[in-house]
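Worksheet for the structure shown next.
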Amino acid sequence: MWVGLSTPKQERWIDSIRQRLRSRVLVSVGAAFDYHTGRIRRAPGWMQRAGLEWFYRLVQEPRRLWKRYAYNNPVFVMMGLLQLLGLRRFPPGVAAGDRFAR
């Protein structure tokens, strides 16, 4: 099942519903549907290759996306590093920031 909600709504929804579905695979695709329908323009190729598509999207929709990039992404990276280093283990379904402070 492909889920195209915004982050972190799609991850939370998937976590809440996955046990009740027959689907074995749930993929959070974010804005992919918007790209394919032409609702949102993709970043220029050079920005995509440089890993800067997130910056292009931020410039296009700063009011909506600033919190995601300023808060959620650094928290996600920190949680990933803590888990990779074996300092902390987060159960599946914990979104960035949900239980980070606990």
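Here, A, B, ... name the chains of the structure tokens in the order displayed, residue numbers run from 1 inside each chain, and ligands are numbered from 1 in the same displayed order.
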
Counting only C-alpha atoms, what is within 7 Å of range 24-36 of chain A, bar same-chain residues fewer than 4 positions away, as a tab-separated table (two decimals) with N, CA, C and O atoms, in the first residue's frame?
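The resulting file, selection-v4.tsv, is reproduced below:
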```
chain	number	residue	atom	x	y	z
A	1	MET	N	0.85	-1.16	0.00
A	1	MET	CA	0.00	0.00	0.00
A	1	MET	C	0.90	1.23	0.00
A	1	MET	O	1.85	1.32	0.77
A	2	TRP	N	0.58	2.17	-0.86
A	2	TRP	CA	1.29	3.43	-0.95
A	2	TRP	C	0.51	4.49	-0.19
A	2	TRP	O	-0.68	4.66	-0.41
A	3	VAL	N	1.18	5.21	0.71
A	3	VAL	CA	0.53	6.22	1.53
A	3	VAL	C	1.17	7.56	1.23
A	3	VAL	O	2.37	7.73	1.44
A	4	GLY	N	0.38	8.51	0.75
A	4	GLY	CA	0.89	9.82	0.37
A	4	GLY	C	0.33	10.95	1.21
A	4	GLY	O	-0.35	11.81	0.69
A	5	LEU	N	0.58	10.91	2.49
A	5	LEU	CA	0.22	12.02	3.37
A	5	LEU	C	1.49	12.81	3.66
A	5	LEU	O	2.56	12.45	3.20
A	6	SER	N	1.40	13.83	4.45
A	6	SER	CA	2.61	14.57	4.78
A	6	SER	C	3.33	13.92	5.96
A	6	SER	O	2.75	13.16	6.71
A	7	THR	N	4.59	14.23	6.08
A	7	THR	CA	5.40	13.74	7.19
A	7	THR	C	5.12	14.60	8.41
A	7	THR	O	5.04	15.80	8.27
A	10	GLN	N	1.88	10.52	7.75
A	10	GLN	CA	1.79	9.24	7.06
A	10	GLN	C	2.44	8.12	7.88
A	10	GLN	O	1.92	7.01	7.94
A	11	GLU	N	3.55	8.41	8.55
A	11	GLU	CA	4.19	7.38	9.36
A	11	GLU	C	3.34	7.03	10.57
A	11	GLU	O	3.23	5.85	10.93
A	40	ILE	N	3.10	19.54	-7.95
A	40	ILE	CA	4.33	20.14	-7.43
A	40	ILE	C	5.44	19.93	-8.45
A	40	ILE	O	5.59	18.83	-8.99
A	41	ARG	N	6.18	21.00	-8.71
A	41	ARG	CA	7.32	20.90	-9.64
A	41	ARG	C	8.53	20.34	-8.92
A	41	ARG	O	8.79	20.67	-7.77
A	42	ARG	N	9.28	19.49	-9.61
A	42	ARG	CA	10.53	18.96	-9.07
A	42	ARG	C	11.62	20.01	-9.15
A	42	ARG	O	11.57	20.92	-9.97
```

Exercise. Go ahead and compute the interatomic distance for CA of Leu87 in chain A and CA of Arg18 in chain A, in Å to one decimal.
Key: 28.2 Å

Among the residues of chain A, find those DSSP assigns to strand (DSSP E or B) from the backbone and print them as a PDB file with C-alpha atoms, in the first residue's frame.
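out.pdb, freshly written:
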```pdb
ATOM      1  CA  TRP A   2       1.292   3.433  -0.953  1.00  0.00           C
ATOM      2  CA  VAL A   3       0.525   6.223   1.530  1.00  0.00           C
ATOM      3  CA  VAL A  27       5.318   2.602   1.825  1.00  0.00           C
ATOM      4  CA  SER A  28       5.191   6.260   2.823  1.00  0.00           C
TER       5      SER A  28
END
```

Quiz item: Within 9 Å of range 68-71 of chain A, counting only C-alpha atoms, which residues qualify if same-chain residues fewer than 3 places away don't, as a ChimeraX atom specification?
Solution: /A:7-8,54-55,58,64-65,74-76,96-97

Could you take the residues named above and write them with N, CA and C atoms, as an mmCIF file, in the first residue's frame?
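Output file selection.cif follows:
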```
data_model
loop_
_atom_site.group_PDB
_atom_site.id
_atom_site.type_symbol
_atom_site.label_atom_id
_atom_site.label_comp_id
_atom_site.auth_asym_id
_atom_site.auth_seq_id
_atom_site.Cartn_x
_atom_site.Cartn_y
_atom_site.Cartn_z
ATOM 1 N N THR A 7 4.590 14.227 6.081
ATOM 2 C CA THR A 7 5.396 13.741 7.190
ATOM 3 C C THR A 7 5.117 14.596 8.409
ATOM 4 N N PRO A 8 4.964 14.091 9.570
ATOM 5 C CA PRO A 8 5.013 12.696 10.009
ATOM 6 C C PRO A 8 3.642 12.021 10.051
ATOM 7 N N TRP A 54 15.304 19.049 -1.075
ATOM 8 C CA TRP A 54 14.646 19.519 0.142
ATOM 9 C C TRP A 54 14.718 21.040 0.237
ATOM 10 N N PHE A 55 15.846 21.636 -0.149
ATOM 11 C CA PHE A 55 16.011 23.089 -0.089
ATOM 12 C C PHE A 55 15.106 23.779 -1.110
ATOM 13 N N LEU A 58 11.698 23.751 0.323
ATOM 14 C CA LEU A 58 11.615 24.710 1.423
ATOM 15 C C LEU A 58 11.429 26.127 0.890
ATOM 16 N N ARG A 64 5.009 26.197 5.310
ATOM 17 C CA ARG A 64 4.562 24.845 5.610
ATOM 18 C C ARG A 64 5.709 23.916 6.002
ATOM 19 N N LEU A 65 6.883 24.106 5.429
ATOM 20 C CA LEU A 65 7.946 23.119 5.589
ATOM 21 C C LEU A 65 9.059 23.498 6.566
ATOM 22 N N PRO A 74 16.721 17.182 12.153
ATOM 23 C CA PRO A 74 17.823 17.014 13.115
ATOM 24 C C PRO A 74 17.498 16.004 14.226
ATOM 25 N N VAL A 75 16.254 15.981 14.692
ATOM 26 C CA VAL A 75 15.871 15.015 15.726
ATOM 27 C C VAL A 75 15.970 13.601 15.170
ATOM 28 N N PHE A 76 15.518 13.397 13.933
ATOM 29 C CA PHE A 76 15.606 12.081 13.300
ATOM 30 C C PHE A 76 17.059 11.626 13.183
ATOM 31 N N ALA A 96 10.068 10.890 15.008
ATOM 32 C CA ALA A 96 11.074 11.822 15.539
ATOM 33 C C ALA A 96 10.424 12.777 16.521
ATOM 34 N N GLY A 97 10.970 12.818 17.700
ATOM 35 C CA GLY A 97 10.483 13.743 18.710
ATOM 36 C C GLY A 97 9.395 13.192 19.612
#
```
